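Participant: Here you go, one structure.
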Amino acid sequence: MPISRVPALGPRGEGWVVLQALALLGVAASALSDAEWPDALETPLAVVGVASAVAGAVLLAAGVRALGPALTPLPRPRPGGALRCDGVYGLVRHPIYGGVLLLAAGWTLAVAPLAAVPTAVLAVVFDLKSRREEAWLTERYPEYGAYRTRTPRRFLPWLV
């Protein structure tokens, strides 16, 4: 879907934040289920899940730190904010979304298999929200197109 065709869902994209919150609530609520991984897979998946969660926390923290006061949960950039193209933003355009997705995947693998469904929903929400955000970033910062070309990964360094 072209970035210009993704709906705004509010003047600053408030609807995207609501959808994101609902998906995250679904991830957290999945722990209330009695579903478990098969015994033979439980330990290896827990190890991979914890590693994923740690990597996600690092990526998330790096993204938050780099944005500083420009940080907002809304996809429309804050007025007066600067475009970040260095540090973690030199590796990936949306490290905070990537970090949250790794945390949700880690939770799924380590704790709650049923979290796979809301985690997949969260991935779709972040895909669409990031496209809407990039349309607004392109409007605000003329250099965004060149940055996007230099930094082809949206969420995870070396992957997606």
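In the structure tokens, chains take letters A, B, ... by order of appearance, with residues numbered from 1 within each chain and ligands from 1 in the order shown.
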Can you tell me which residues surround range 77-81 of chain A at a distance of at most 9 Å, considering only C-alpha atoms, apart from same-chain residues fewer than 3 positions away, and format the answer as a list in words?
Facilitator: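 Skipping anything fewer than 3 positions along the chain leaves Arg12, Leu67, Pro69, Ala70, Leu71, Thr72, Leu74, Glu133, Trp136, Leu137 and Arg140 of chain A.
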Participant: With C-alpha atoms retained, export the selected residues as a CSV table (one decimal), in the first residue's frame.
Facilitator:
```
chain,number,residue,atom,x,y,z
A,12,ARG,CA,-2.0,13.5,14.5
A,67,LEU,CA,14.6,11.1,19.9
A,69,PRO,CA,12.1,15.5,23.5
A,70,ALA,CA,10.9,14.8,19.9
A,71,LEU,CA,9.5,11.5,21.1
A,72,THR,CA,5.7,11.1,20.6
A,74,LEU,CA,1.7,9.8,17.5
A,133,GLU,CA,4.3,8.4,9.7
A,136,TRP,CA,4.1,13.0,7.2
A,137,LEU,CA,7.9,12.9,7.6
A,140,ARG,CA,8.0,17.9,6.9
```
Participant: Please give the complete set of residues from range 54-112 of chain A that DSSP, run on the backbone, assigns to alpha helix (DSSP H), formatted as a ChimeraX atom specification.
Facilitator: /A:54-67,95-110
Participant: Determine, counting only C-alpha atoms, which protein, DNA and RNA residues have an atom within 6 Å of an atom of range 43-53 of chain A; residues of the same chain fewer than 2 positions away are not included. Present the result as a ChimeraX atom specification.
Facilitator: /A:41,55-56,102-103,106,109-110
Participant: Please provide the set of residues having any atom within 12 Å of Ala28 in chain A, restricted to only C-alpha atoms, with same-chain residues fewer than 4 positions apart removed, written as an MDAnalysis selection string.
Facilitator: chainID A and resid 21:24 32:33 103:108 111:119
Participant: Give the answer as one residue: which of A:Leu25, A:Leu83, A:Ala62, A:Arg76 has the shortest atom-to-atom distance to Pro142 in chain A, using only C-alpha atoms?
Facilitator: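 Of all the options, A:Leu83 lies closest to Pro142 in chain A.
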Participant: Applying 10 Å and only C-alpha atoms, which residues near Pro152 in chain A remain after dropping the ones on its own chain fewer than 5 positions away? List them as an mmCIF file with N, CA and C atoms, in the first residue's frame.
Facilitator:
```
data_model
loop_
_atom_site.group_PDB
_atom_site.id
_atom_site.type_symbol
_atom_site.label_atom_id
_atom_site.label_comp_id
_atom_site.auth_asym_id
_atom_site.auth_seq_id
_atom_site.Cartn_x
_atom_site.Cartn_y
_atom_site.Cartn_z
ATOM 1 N N GLY A 90 20.423 5.410 11.943
ATOM 2 C CA GLY A 90 21.222 5.133 10.755
ATOM 3 C C GLY A 90 21.139 3.671 10.343
ATOM 4 N N LEU A 91 20.673 2.826 11.258
ATOM 5 C CA LEU A 91 20.515 1.389 10.985
ATOM 6 C C LEU A 91 19.092 1.030 10.571
ATOM 7 N N VAL A 92 18.126 1.715 11.162
ATOM 8 C CA VAL A 92 16.722 1.371 10.977
ATOM 9 C C VAL A 92 15.883 2.634 11.176
ATOM 10 N N ARG A 93 14.814 2.779 10.378
ATOM 11 C CA ARG A 93 14.019 4.007 10.415
ATOM 12 C C ARG A 93 13.046 4.067 11.596
ATOM 13 N N TYR A 147 17.160 9.900 3.051
ATOM 14 C CA TYR A 147 17.400 9.094 4.257
ATOM 15 C C TYR A 147 16.770 7.713 4.105
ATOM 16 N N PRO A 157 17.360 -3.886 12.312
ATOM 17 C CA PRO A 157 18.602 -3.816 11.527
ATOM 18 C C PRO A 157 18.873 -5.164 10.831
ATOM 19 N N TRP A 158 19.237 -5.105 9.602
ATOM 20 C CA TRP A 158 19.629 -6.260 8.792
ATOM 21 C C TRP A 158 18.475 -7.206 8.453
ATOM 22 N N LEU A 159 17.232 -6.889 8.865
ATOM 23 C CA LEU A 159 16.137 -7.823 8.575
ATOM 24 C C LEU A 159 14.975 -7.191 7.818
ATOM 25 N N VAL A 160 14.204 -6.338 8.461
ATOM 26 C CA VAL A 160 12.974 -5.810 7.860
ATOM 27 C C VAL A 160 12.941 -4.312 7.901
#
```
Participant: Compare A:Gly13, A:Glu36, A:Ala82, A:Leu19 by their minimum atom-to-atom distance to Val124 in chain A, counting only C-alpha atoms, and give me the closest one.
Facilitator: A:Leu19
